[in-house]
Each structure stands twice: as structure tokens, then as C-alpha cells.
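So this block is start19.txt, compact mmCIF, C-alpha atoms:
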# COMPACT_ATOMS: atom_id res chain seq x y z
CA MET A 33 18.64 12.14 21.50
CA SER A 34 20.38 8.95 22.62
CA VAL A 35 19.59 6.18 20.14
CA ILE A 36 21.78 3.06 20.01
CA HIS A 37 21.59 0.50 17.20
CA LEU A 38 22.51 -2.91 18.61
CA LYS A 39 21.80 -4.47 15.21
CA HIS A 40 21.63 -2.97 11.71
CA GLY A 41 19.93 -4.31 8.59
CA LYS A 42 21.14 -4.43 5.00
CA ALA A 43 22.60 -1.19 3.67
CA GLU A 44 20.22 1.06 1.74
CA ALA A 45 22.49 1.01 -1.35
CA ALA A 46 22.23 -2.76 -1.59
CA ARG A 47 18.45 -2.60 -1.27
CA SER A 48 18.29 -0.02 -4.09
CA GLU A 49 20.36 -2.26 -6.36
CA ASP A 50 17.89 -5.11 -5.81
CA ASP A 51 14.98 -2.77 -6.62
CA ALA A 52 16.57 -1.69 -9.92
CA LYS A 53 16.85 -5.29 -11.13
CA VAL A 54 13.19 -5.90 -10.33
CA ARG A 55 12.09 -2.74 -12.17
CA ALA A 56 13.81 -3.73 -15.40
CA SER A 57 12.44 -7.27 -15.34
CA VAL A 58 8.87 -6.14 -14.67
CA GLU A 59 8.92 -3.50 -17.41
CA SER A 60 9.96 -6.07 -20.00
CA ILE A 61 7.32 -8.60 -18.93
CA LEU A 62 4.48 -6.07 -18.93
CA LYS A 63 5.37 -5.00 -22.46
CA ASP A 64 5.21 -8.64 -23.53
CA ILE A 65 1.76 -9.11 -21.94
CA GLU A 66 0.46 -5.96 -23.61
CA ALA A 67 1.76 -7.09 -26.99
CA ARG A 68 0.81 -10.78 -26.93
CA GLY A 69 -1.99 -11.07 -24.35
CA ASP A 70 -3.06 -14.61 -23.53
CA ALA A 71 -0.04 -16.19 -25.27
CA ALA A 72 2.35 -14.20 -23.08
CA VAL A 73 0.39 -15.06 -19.94
CA ARG A 74 0.58 -18.78 -20.79
CA ASP A 75 4.31 -18.63 -21.53
CA LEU A 76 4.97 -16.82 -18.25
CA SER A 77 2.81 -19.26 -16.27
CA GLU A 78 4.69 -22.21 -17.76
CA LYS A 79 8.02 -20.54 -17.03
CA PHE A 80 7.42 -19.36 -13.48
CA ASP A 81 4.70 -21.68 -12.16
CA LYS A 82 5.06 -24.78 -14.38
CA TYR A 83 1.30 -24.46 -14.89
CA SER A 84 -0.59 -24.48 -18.20
CA PRO A 85 -4.28 -25.39 -17.84
CA HIS A 86 -6.88 -25.48 -20.59
CA SER A 87 -8.27 -22.24 -19.15
CA PHE A 88 -6.83 -20.01 -16.44
CA ARG A 89 -10.35 -19.02 -15.43
CA LEU A 90 -12.05 -21.59 -13.22
CA SER A 91 -15.54 -22.72 -14.18
CA GLU A 92 -18.32 -22.85 -11.60
CA GLY A 93 -18.01 -26.64 -11.61
CA GLU A 94 -14.27 -26.48 -10.93
CA ILE A 95 -14.82 -23.98 -8.12
CA GLU A 96 -17.46 -26.20 -6.52
CA ALA A 97 -15.23 -29.27 -6.77
CA LEU A 98 -12.34 -27.43 -5.13
CA MET A 99 -14.55 -26.09 -2.34
CA ASN A 100 -15.77 -29.63 -1.63
CA ARG A 101 -12.17 -30.57 -0.83
CA VAL A 102 -11.93 -28.05 2.01
CA ALA A 103 -12.31 -29.67 5.44
CA ALA A 104 -15.44 -28.69 7.35
CA ARG A 105 -13.46 -27.06 10.20
CA ASP A 106 -11.33 -25.08 7.74
CA MET A 107 -14.45 -23.88 5.93
CA GLU A 108 -15.99 -22.84 9.25
CA ASP A 109 -12.84 -20.87 10.13
CA ILE A 110 -12.80 -19.16 6.72
CA LYS A 111 -16.42 -18.12 7.12
CA PHE A 112 -15.75 -16.82 10.66
CA ALA A 113 -12.81 -14.71 9.47
CA GLN A 114 -14.78 -13.32 6.54
CA ALA A 115 -17.63 -12.38 8.86
CA GLN A 116 -15.23 -10.32 10.99
CA VAL A 117 -13.78 -8.56 7.95
CA ARG A 118 -17.24 -7.90 6.49
CA ASN A 119 -18.60 -6.60 9.78
CA PHE A 120 -15.82 -4.04 10.19
CA ALA A 121 -15.90 -3.06 6.51
CA GLN A 122 -19.66 -2.55 6.73
CA ALA A 123 -19.24 -0.35 9.81
CA GLN A 124 -16.69 1.70 7.88
CA ARG A 125 -19.02 1.92 4.88
CA ASP A 126 -21.88 3.07 7.10
CA SER A 127 -19.71 5.95 8.32
CA MET A 128 -19.42 7.31 4.76
CA ARG A 129 -22.46 9.36 3.85
CA ASP A 130 -23.61 10.95 0.64
CA ILE A 131 -24.24 14.61 1.41
CA GLU A 132 -26.21 17.50 -0.06
CA VAL A 133 -26.15 20.99 1.45
CA GLU A 134 -27.51 24.39 0.49
CA THR A 135 -24.46 26.59 1.02
CA LEU A 136 -26.24 29.79 -0.08
CA PRO A 137 -29.91 30.39 -0.93
CA GLY A 138 -30.43 28.54 -4.22
CA VAL A 139 -26.91 26.99 -4.32
CA VAL A 140 -26.90 23.24 -3.68
CA LEU A 141 -23.66 21.24 -3.41
CA GLY A 142 -23.24 17.56 -2.73
CA HIS A 143 -21.23 14.42 -3.16
CA ARG A 144 -21.97 10.76 -3.83
CA ASN A 145 -19.82 7.75 -2.95
CA ILE A 146 -19.79 5.54 -6.05
CA PRO A 147 -18.11 2.10 -6.24
CA VAL A 148 -15.24 1.51 -8.65
CA GLN A 149 -16.86 -0.50 -11.46
CA SER A 150 -14.30 -3.31 -11.81
CA VAL A 151 -11.54 -4.46 -9.49
CA GLY A 152 -8.80 -7.07 -9.84
CA CYS A 153 -7.80 -8.68 -6.54
CA TYR A 154 -4.45 -10.46 -6.32
CA ILE A 155 -4.16 -13.15 -3.66
CA PRO A 156 -0.56 -14.37 -3.16
CA GLY A 157 -0.06 -18.09 -2.81
CA GLY A 158 3.05 -19.44 -4.49
CA LYS A 159 4.97 -20.03 -1.24
CA PHE A 160 2.19 -19.73 1.33
CA PRO A 161 -1.49 -19.95 0.31
CA MET A 162 -2.72 -16.56 1.54
CA VAL A 163 -6.33 -17.46 2.33
CA ALA A 164 -6.76 -14.31 4.42
CA SER A 165 -5.87 -12.00 1.55
CA ALA A 166 -9.07 -13.03 -0.20
CA HIS A 167 -11.09 -11.73 2.74
CA MET A 168 -9.20 -8.45 2.79
CA SER A 169 -9.62 -7.62 -0.89
CA VAL A 170 -12.53 -9.60 -2.35
CA ALA A 171 -14.89 -9.47 0.63
CA THR A 172 -14.15 -5.78 1.26
CA ALA A 173 -14.82 -4.93 -2.40
CA SER A 174 -18.07 -6.88 -2.10
CA VAL A 175 -19.15 -4.76 0.89
CA ALA A 176 -18.43 -1.69 -1.26
CA LYS A 177 -20.77 -3.19 -3.91
CA VAL A 178 -18.21 -3.26 -6.71
CA PRO A 179 -20.16 -4.65 -9.72
CA ARG A 180 -17.30 -6.75 -11.14
CA ILE A 181 -14.73 -8.35 -8.87
CA ILE A 182 -12.15 -10.63 -10.43
CA ALA A 183 -9.54 -12.47 -8.40
CA ALA A 184 -6.30 -14.19 -9.31
CA THR A 185 -4.00 -16.46 -7.33
CA PRO A 186 -1.03 -18.59 -8.36
CA PRO A 187 -1.17 -22.38 -8.34
CA PHE A 188 0.03 -24.02 -5.14
CA LYS A 189 2.07 -27.18 -5.68
CA GLY A 190 0.87 -27.37 -9.26
CA GLU A 191 -2.87 -26.85 -8.76
CA PRO A 192 -5.41 -24.33 -7.44
CA ASN A 193 -5.40 -24.20 -3.65
CA PRO A 194 -8.90 -25.26 -2.50
CA ALA A 195 -8.97 -23.06 0.61
CA VAL A 196 -7.90 -19.93 -1.30
CA ILE A 197 -10.47 -20.60 -4.03
CA ALA A 198 -13.16 -21.12 -1.38
CA ALA A 199 -12.27 -17.82 0.27
CA MET A 200 -12.41 -16.02 -3.09
CA LYS A 201 -15.81 -17.46 -3.94
CA LEU A 202 -17.30 -16.87 -0.49
CA GLY A 203 -15.86 -13.36 -0.54
CA GLY A 204 -17.86 -12.51 -3.64
CA ALA A 205 -15.50 -12.87 -6.63
CA HIS A 206 -17.36 -12.96 -9.94
CA GLU A 207 -14.40 -14.37 -11.92
CA ILE A 208 -11.59 -16.51 -10.51
CA TYR A 209 -8.28 -17.06 -12.33
CA VAL A 210 -5.36 -19.29 -11.38
CA MET A 211 -2.47 -17.06 -12.38
CA GLY A 212 0.51 -15.82 -10.43
CA GLY A 213 2.82 -12.86 -10.21
CA ILE A 214 3.40 -10.32 -12.93
CA GLN A 215 1.31 -12.25 -15.46
CA ALA A 216 -1.75 -12.03 -13.22
CA ILE A 217 -1.26 -8.33 -12.49
CA GLY A 218 -0.55 -7.54 -16.13
CA ALA A 219 -3.49 -9.55 -17.46
CA MET A 220 -5.97 -7.92 -15.09
CA ALA A 221 -4.71 -4.38 -15.66
CA LEU A 222 -3.96 -4.50 -19.38
CA GLY A 223 -6.55 -7.04 -20.48
CA THR A 224 -6.03 -9.92 -22.87
CA GLN A 225 -8.08 -11.60 -25.57
CA THR A 226 -10.06 -13.46 -22.87
CA ILE A 227 -9.80 -11.15 -19.84
CA LYS A 228 -11.43 -7.74 -19.79
CA ALA A 229 -9.22 -5.14 -18.13
CA VAL A 230 -10.18 -3.81 -14.70
CA ASP A 231 -10.26 -0.25 -13.39
CA MET A 232 -8.33 -0.95 -10.18
CA LEU A 233 -5.82 -3.45 -8.76
CA VAL A 234 -5.58 -4.39 -5.08
CA GLY A 235 -3.79 -6.93 -2.95
CA PRO A 236 -0.32 -7.68 -1.61
CA GLY A 237 2.43 -9.67 -3.29
CA ASN A 238 6.16 -10.10 -3.69
CA ALA A 239 8.56 -7.46 -4.99
CA PHE A 240 7.63 -8.22 -8.61
CA VAL A 241 3.90 -7.87 -7.96
CA ALA A 242 4.47 -4.60 -6.08
CA GLU A 243 6.62 -3.22 -8.89
CA ALA A 244 4.09 -4.27 -11.54
CA LYS A 245 1.37 -2.36 -9.67
CA ARG A 246 3.67 0.65 -9.42
CA GLN A 247 4.37 0.67 -13.15
CA LEU A 248 0.68 0.24 -14.01
CA TYR A 249 -0.54 2.96 -11.64
CA GLY A 250 -2.25 5.68 -13.64
CA ARG A 251 -3.41 3.25 -16.27
CA VAL A 252 -5.39 1.65 -13.45
CA GLY A 253 -5.92 2.65 -9.87
CA ILE A 254 -4.22 0.72 -7.09
CA ASP A 255 -4.82 0.33 -3.38
CA LEU A 256 -1.29 1.37 -2.35
CA PHE A 257 2.38 0.78 -3.05
CA ALA A 258 3.10 -2.32 -0.99
CA GLY A 259 6.55 -3.79 -0.50
CA PRO A 260 7.70 -6.70 1.68
CA THR A 261 6.02 -7.17 5.05
CA GLU A 262 7.41 -4.93 7.79
CA THR A 263 6.99 -5.22 11.52
CA MET A 264 8.06 -3.14 14.49
CA VAL A 265 7.85 -4.01 18.16
CA ILE A 266 7.82 -1.06 20.56
CA ALA A 267 8.44 -2.43 24.04
CA ASP A 268 9.59 -1.46 27.49
CA ASP A 269 10.36 -3.64 30.51
CA THR A 270 6.68 -4.53 31.02
CA VAL A 271 7.11 -7.45 28.60
CA ASP A 272 9.68 -10.21 28.15
CA SER A 273 12.05 -11.31 25.41
CA GLU A 274 10.05 -14.37 24.39
CA ILE A 275 7.02 -12.38 23.27
CA CYS A 276 9.20 -9.76 21.52
CA ALA A 277 11.25 -12.37 19.65
CA THR A 278 8.14 -14.32 18.68
CA ASP A 279 6.42 -11.21 17.30
CA LEU A 280 9.49 -10.23 15.29
CA LEU A 281 10.11 -13.67 13.75
CA GLY A 282 6.40 -14.25 13.23
CA GLN A 283 6.51 -11.60 10.52
CA ALA A 284 10.08 -12.17 9.31
CA GLU A 285 8.98 -15.58 7.99
CA HIS A 286 6.94 -13.83 5.27
CA GLY A 287 9.94 -13.59 2.95
CA TYR A 288 13.68 -13.13 2.66
CA ASN A 289 13.43 -9.34 2.79
CA SER A 290 10.89 -8.56 5.53
CA PRO A 291 12.18 -5.83 7.89
CA ALA A 292 11.65 -6.51 11.60
CA VAL A 293 12.61 -3.85 14.14
CA LEU A 294 12.71 -3.92 17.93
CA LEU A 295 12.47 -0.49 19.48
CA THR A 296 12.90 -0.46 23.26
CA THR A 297 13.91 1.62 26.26
CA SER A 298 15.39 -1.46 27.94
CA ARG A 299 18.90 -2.55 26.95
CA LYS A 300 18.38 -5.68 29.04
CA LEU A 301 15.26 -6.57 27.00
CA ALA A 302 17.08 -5.80 23.73
CA GLU A 303 19.98 -8.14 24.52
CA ALA A 304 17.68 -10.86 25.84
CA THR A 305 15.54 -10.63 22.68
CA LEU A 306 18.60 -11.09 20.47
CA MET A 307 19.43 -14.28 22.37
CA GLU A 308 15.81 -15.47 22.28
CA ILE A 309 15.65 -14.95 18.51
CA GLU A 310 18.64 -17.27 18.09
CA ARG A 311 16.95 -19.89 20.29
CA ILE A 312 13.67 -19.75 18.34
CA LEU A 313 15.41 -19.88 14.96
CA LYS A 314 16.85 -23.29 15.92
CA ILE A 315 13.36 -24.78 16.24
CA LEU A 316 11.19 -22.68 13.87
CA SER A 317 10.10 -24.66 10.82
CA THR A 318 10.27 -21.54 8.65
CA ALA A 319 13.71 -20.60 10.03
CA GLU A 320 15.40 -20.62 6.63
CA THR A 321 13.28 -17.68 5.50
CA ALA A 322 13.00 -15.94 8.86
CA ARG A 323 16.76 -16.10 9.54
CA LYS A 324 17.63 -14.55 6.19
CA SER A 325 15.14 -11.73 6.78
CA TRP A 326 16.40 -11.16 10.31
CA GLU A 327 20.07 -11.18 9.31
CA ASP A 328 19.61 -8.79 6.37
CA TYR A 329 16.71 -6.61 7.53
CA GLY A 330 16.44 -7.00 11.31
CA GLU A 331 17.22 -4.07 13.61
CA VAL A 332 17.41 -3.55 17.36
CA ILE A 333 17.29 0.06 18.55
CA VAL A 334 17.61 1.19 22.16
CA CYS A 335 16.30 4.63 23.21
CA ASP A 336 16.44 6.48 26.52
CA THR A 337 12.81 7.62 26.61
CA HIS A 338 9.37 6.90 25.19
CA GLU A 339 9.50 10.27 23.42
CA GLU A 340 12.62 9.13 21.59
CA MET A 341 10.98 5.83 20.66
CA LEU A 342 7.96 7.71 19.33
CA ALA A 343 10.13 9.91 17.13
CA VAL A 344 12.06 6.93 15.73
CA ALA A 345 8.86 4.94 15.17
CA ASN A 346 7.18 7.77 13.27
CA ASP A 347 10.30 8.19 11.14
CA ILE A 348 10.49 4.48 10.22
CA ALA A 349 6.71 4.37 9.58
CA SER A 350 6.52 0.58 9.73
CA GLU A 351 3.64 -1.40 8.28
CA HIS A 352 2.79 -3.27 11.51
CA VAL A 353 3.53 -1.65 14.87
CA GLN A 354 3.15 -3.87 17.94
CA VAL A 355 3.05 -1.65 21.07
CA MET A 356 3.67 -3.31 24.44
CA THR A 357 4.42 -0.66 27.02
CA ASP A 358 3.05 0.93 30.17
CA ARG A 359 1.44 3.66 27.99
CA ASP A 360 -0.06 1.99 24.91
CA ASP A 361 -2.85 4.58 24.58
CA TRP A 362 -0.24 7.35 24.55
CA TYR A 363 1.26 5.79 21.42
CA LEU A 364 -2.22 5.50 19.90
CA GLU A 365 -2.71 9.24 20.45
CA ASN A 366 0.72 10.30 19.20
CA MET A 367 1.72 7.88 16.43
CA HIS A 368 0.99 9.41 13.02
CA SER A 369 2.95 7.36 10.47
CA TYR A 370 2.34 3.60 10.32
CA GLY A 371 0.19 0.95 8.68
CA ALA A 372 -1.71 -0.48 11.64
CA LEU A 373 -1.24 -0.47 15.41
CA PHE A 374 -1.54 -3.54 17.62
CA LEU A 375 -1.92 -2.36 21.18
CA GLY A 376 -0.96 -4.43 24.21
CA ALA A 377 0.58 -7.85 24.73
CA ARG A 378 -2.80 -9.58 24.27
CA THR A 379 -2.94 -8.27 20.71
CA ASN A 380 -0.72 -9.51 17.90
CA VAL A 381 -0.08 -8.89 14.22
CA ALA A 382 -1.03 -12.44 13.20
CA ASN A 383 -4.59 -11.86 14.42
CA GLY A 384 -4.72 -8.72 12.29
CA ASP A 385 -3.34 -10.65 9.34
CA LYS A 386 -5.87 -13.45 9.52
CA VAL A 387 -9.04 -12.97 11.51
CA ILE A 388 -9.68 -10.00 13.79
CA GLY A 389 -11.45 -7.92 11.13
CA THR A 390 -9.18 -5.02 10.26
CA ASN A 391 -7.59 -5.11 6.82
CA HIS A 392 -4.09 -6.55 6.47
CA THR A 393 -3.19 -4.85 3.17
CA LEU A 394 -1.15 -1.98 4.59
CA PRO A 395 1.38 0.67 3.50
CA THR A 396 5.08 -0.20 3.54
CA LYS A 397 8.35 1.58 2.71
CA LYS A 398 7.32 4.69 4.67
CA ALA A 399 4.05 5.07 2.73
CA GLY A 400 2.27 5.28 6.09
CA ARG A 401 3.36 8.93 6.07
CA TYR A 402 0.70 9.71 3.45
CA THR A 403 -1.79 6.84 3.24
CA GLY A 404 -3.56 4.28 5.35
CA GLY A 405 -4.22 0.71 4.32
CA LEU A 406 -6.86 -0.96 2.18
CA TRP A 407 -10.41 -0.42 3.44
CA VAL A 408 -13.90 -0.25 2.02
CA GLY A 409 -13.41 3.43 1.18
CA LYS A 410 -10.62 2.56 -1.29
CA PHE A 411 -13.24 0.93 -3.51
CA LEU A 412 -15.42 4.04 -3.47
CA LYS A 413 -14.96 7.26 -5.43
CA THR A 414 -16.35 10.43 -3.92
CA HIS A 415 -17.82 12.57 -6.71
CA SER A 416 -19.13 16.08 -6.19
CA TYR A 417 -22.05 17.76 -7.96
CA GLN A 418 -23.54 21.26 -8.03
CA ARG A 419 -26.99 22.64 -8.69
CA ILE A 420 -28.26 26.24 -8.76
CA THR A 421 -32.01 26.36 -8.23
CA THR A 422 -32.95 30.08 -8.44
CA ASP A 423 -32.42 32.92 -10.90
CA GLU A 424 -31.13 35.09 -8.09
CA ALA A 425 -28.40 32.62 -7.14
CA ALA A 426 -27.38 32.12 -10.78
CA ALA A 427 -26.90 35.87 -11.24
CA MET A 428 -25.14 36.43 -7.95
CA ILE A 429 -22.65 33.53 -8.31
CA GLY A 430 -22.21 34.43 -11.98
CA ALA A 431 -21.13 37.97 -11.15
CA TYR A 432 -18.49 36.75 -8.71
CA GLY A 433 -17.36 34.08 -11.15
CA SER A 434 -17.05 36.50 -14.06
CA ARG A 435 -14.78 38.89 -12.19
CA LEU A 436 -12.61 36.07 -10.82
CA CYS A 437 -12.20 34.62 -14.32
CA ILE A 438 -11.15 38.01 -15.70
CA LEU A 439 -8.69 38.32 -12.79
CA GLU A 440 -6.93 35.23 -14.19
CA GLY A 441 -7.31 36.25 -17.83
CA PHE A 442 -9.85 33.57 -18.80
CA VAL A 443 -12.26 35.53 -20.99
CA GLY A 444 -14.11 32.45 -22.26
CA HIS A 445 -14.63 31.26 -18.70
CA ALA A 446 -15.97 34.69 -17.79
CA GLU A 447 -18.47 34.58 -20.63
CA GLN A 448 -19.90 31.31 -19.25
CA CYS A 449 -20.71 33.28 -16.12
CA ASN A 450 -21.84 36.40 -17.99
CA VAL A 451 -24.43 34.59 -20.07
CA ARG A 452 -26.07 33.41 -16.85
CA VAL A 453 -26.03 36.91 -15.42
CA ARG A 454 -27.70 38.23 -18.60
CA ARG A 455 -30.14 35.32 -18.80
CA TYR A 456 -31.19 35.11 -15.16
CA GLY A 457 -30.28 38.50 -13.64
CA ARG A 458 -32.96 41.13 -12.95
CA ARG A 459 -32.76 44.74 -11.85
CA ASN A 460 -33.94 43.84 -8.37
CA VAL A 461 -31.18 41.24 -7.88
CA PRO A 462 -28.36 42.95 -6.03
CA TYR A 463 -25.66 40.69 -7.43
CA GLY A 464 -23.47 43.61 -8.43
CA ALA A 465 -23.72 45.21 -5.05
CA ALA A 466 -23.16 41.88 -3.31
CA ALA A 467 -20.03 41.25 -5.30
CA GLN A 468 -18.46 44.67 -4.72

Would it be possible to restate this file's structure as C-alpha cells?
Amino acid sequence: MSVIHLKHGKAEAARSEDDAKVRASVESILKDIEARGDAAVRDLSEKFDKYSPHSFRLSEGEIEALMNRVAARDMEDIKFAQAQVRNFAQAQRDSMRDIEVETLPGVVLGHRNIPVQSVGCYIPGGKFPMVASAHMSVATASVAKVPRIIAATPPFKGEPNPAVIAAMKLGGAHEIYVMGGIQAIGAMALGTQTIKAVDMLVGPGNAFVAEAKRQLYGRVGIDLFAGPTETMVIADDTVDSEICATDLLGQAEHGYNSPAVLLTTSRKLAEATLMEIERILKILSTAETARKSWEDYGEVIVCDTHEEMLAVANDIASEHVQVMTDRDDWYLENMHSYGALFLGARTNVANGDKVIGTNHTLPTKKAGRYTGGLWVGKFLKTHSYQRITTDEAAAMIGAYGSRLCILEGFVGHAEQCNVRVRRYGRRNVPYGAAAQ
């Protein structure tokens, strides 16, 4: 395999050191929230957000007043985006059926898809007000018919962001809190004197939010382990450097540690993209953030063949994979580890982030190897049930069960089966013969 790195990102050892610092800080803060509840949340909000309202939960009147501040066109756009997310989530929900089958005469097995009963949705917003994240978590949970949906977002420039609050309310949130970061995650998962704990946490966030979710997993469910935004562009000479550079920097502006990788079979395109990135960074209003991300986490990799690019792409397992080649459908058929694919030059990650309808909460840090992103099914639990409806089936299954329990040494288990054989078995039931 001939793979050439024209640009490397930050060394893995340095990234691990950063992660260790975050872990220790989050652990200490979560312990404080668990011990002191509302008082800890208020102290943390004052410290990190300079925000200390009478109540972190917004009243219906406050929500209405904030929504009235949203411009008519912005409200129309929010509603359009939510409609796309709801439509796709509903189509996904409709594909999930409760089932019941008779696997043997008198043996009925089935499963039911039951919503998680309470969900906490975190919507980032300290640096950029992430209006779209409310659609992805709150509206999708609403389609799943979660009975209690609470949502939290940090203040933006010292107050609740009207557009984010509008998106939460329109999405179906039953409780809305203006809280950021670890204090929001901790309060929703652990509960406080005024906030009832939830069963599940969802939503993206910075490194501290991601680490808080990781440490709380098990105590509550989570959607996935999400780190900083990642993007990969897979391109050949069918596209130009402007579109490649734009797609890379368009995601690098998320934060100071957002990996962006160009994977190409064209050295000419790779070198031109590096030059184009420098040109765009001189005029991009978010260049301070995007440049830091690109310098520390950007990569340019040149391969000889599409097969080599496929192997590298599956190994990196990036969150967003923009494919612009002469064989986009081939990548769709053969990619197996990623968050979401964006196929063709007409498509772009920003549309997926904001409006097209697929969910933008996606696996990062190679988690695409074992999970997909947030979707309506994440809010549903598939529970099985069993029913035996005839004496004959009870005796026949009981005979098999008894012997298999004894095989493992579980005498008490075997007796559960035996009592059914004695109770429901008859001489004309050939369970013994069937089990021989």
C-alpha cells in the first residue's frame, strides 16, 4: 500500500494528555453536583457562564416571550428544518415493528418497542447557538413518544438564546433549562432538589460534556460517546481544491480540536487544497478557531488507488465522510465504519448538520466501528416476551429445559422446568421422545 501523509495532525500522546486533564476535572465536578445539587449547579453556572437566574427552568411565559423575539423568517426556517427531521425520524420509526410469532405449536414469542420514559437533551450554545441540535435530539425523542423530554442549553451572551429556546419548544420539550456544560449534564443525570433525574442523556457538546456523559454512562443511558466534530473528504480529480478546502474548514470551525482529513488519489488536488486552505483562512471570519483545528488536527493523505482510500477511510472511521469521486455509490456499498456519508459534490455536511433531515449527532473517535448515530430507535427499548399456550408445549419445552439446566449444574433451574412437566405433561404427550 502506498499512502503518503502530506500533513500530520497533533501527536496521539499529546491528545491523550489533554483527555486526562478533562477526566479529572469532570470527575470532581460531578461529585460536587451529586453532593450539593442545586447549590453546586448555581456555583458552576456563575463560575463558567456568569449566569445566575432566579430559576434555571424557564416558565411558559418566559418561553413565549423569547419565542416572540425570533424573526418571522428565522422561525419559518426552524419549522422547515424540524419538519425534515421529523419526517425522516417518523419513517425510521415506521420501519420498527412490534412482532409476535408462534415458533412452535403453543410457543409464542414477541417483542415490543417501548420508549425510554425520560430523556435529557443537551443543546450546545456557549460559543455558537446550536439551534439544529434541538431538532436532532428533542424532536426525534418526540417522534419516539418519550413521555418526559427535558432540554438544557447554556446562556448565550448572558441570556437564553431565543432561537434555541424556540427550537426546543417546537421540538416538544416538556421542561427547558438554561444551564451549560457539566452542570447541565450532571443535573439531568444525577438529579437535584428541583430537577428529577432522567433515564437517558443525548446530545453533542465539548470535551467536558462528552466526558461527563462517559462517566455517567451506566447510571443513565446515553446516545453515544461523542468527541469533537470530525470530517473527512474523500476526493479524486473529479472535483477541485476550492470545494475540498471549503468542506474541510467548514467543519474545522466547530472548535480548536476538530479533526479534518483530506483523502485523495490526486497529489495535484492535495497540494492545491493545502494552498486553497491558506487562502480561505485569510478571509474566513471564524479563522481563529478553524486555523488552530487545521494546524493541530488537519491531515492530508495521498493514496494510489480507491481501494487504498477505502481501507484508510474505514480505519479512521470519521464522523462525517464527504465522498466526491467518480464512484460514490461504490463507497456507499463498501464503507463500513463512519458516522454519516455525504455522497457527491452537490451534497455537503452542513446540510446534514442543519436541515436535510438525517440526524447530526454522530459517533466520533472511531466509534463508527460499532455504532451508528442518534436516531429514533435510540429512544426505544426493544423488550422480548414469551407465552406458552398449551399443556403439550409446556411439557415438551420443559423436558428440554430440564435436561439443559442439569447439563450446566443448575438444579433449581431444572426444577422450574420439571414442575411444568409434572403439572402439564400427560402420557400421550411425547415430550420425552421428542427430546431424546

- Quick one: everything within 6 Å of Ser434 in chain A, counting only C-alpha atoms, minus sequence neighbours fewer than 3 positions away in the same chain. Send it as a PyMOL selection string. chain A and resi 430-431+437+446+449

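The residue set within 7 Å of range 216-230 of chain A, counting only C-alpha atoms and dropping same-chain residues fewer than 4 places from it, reads Leu62, Ile65, Glu66, Gly69, Asp70, Ser150, Val151, Gly152, Ala184, Met211, Gly212, Val241, Ala244 and Val252 of chain A.
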
- CA of Val175 in chain A to CA of Gln247 in chain A, distance in Å rounded to a single decimal: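 Result for CA of Val175 in chain A versus CA of Gln247 in chain A: 27.9 Å, one decimal.
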
- Go through A:Val334, A:Ile420, A:Leu306, A:Ala56 and flag the residue nearest Val133 in chain A, using all atoms listed in the file for the distances. A:Ile420

- Message: Can you measure CA of Asp272 in chain A to CA of Thr305 in chain A for me? One decimal in Å is fine.
- Response: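 Atom-to-atom, CA of Asp272 in chain A and CA of Thr305 in chain A are spaced 8.0 Å apart.
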
- Message: So that I can check the surroundings of Pro85 in chain A, please list as a PyMOL selection string every protein, DNA and RNA residue that reaches within 12 Å of it, counting only C-alpha atoms and ignoring chain neighbours fewer than 4 positions away.
- Response: chain A and resi 73-75+77-78+81+89-90+187+190-192+209-211

- Message: Would you compute the distance between CA of Glu285 in chain A and CA of Phe88 in chain A? Give it in Å to one decimal.
- Response: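 Spanning CA of Glu285 in chain A to CA of Phe88 in chain A is a straight-line distance of 29.4 Å.
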
- Message: I want to know what sits within 7 Å of His143 in chain A, based on all atoms listed in the file, with residues of the same chain fewer than 6 positions away left out; could you give that as a ChimeraX atom specification?
- Response: /A:130-132,414-417
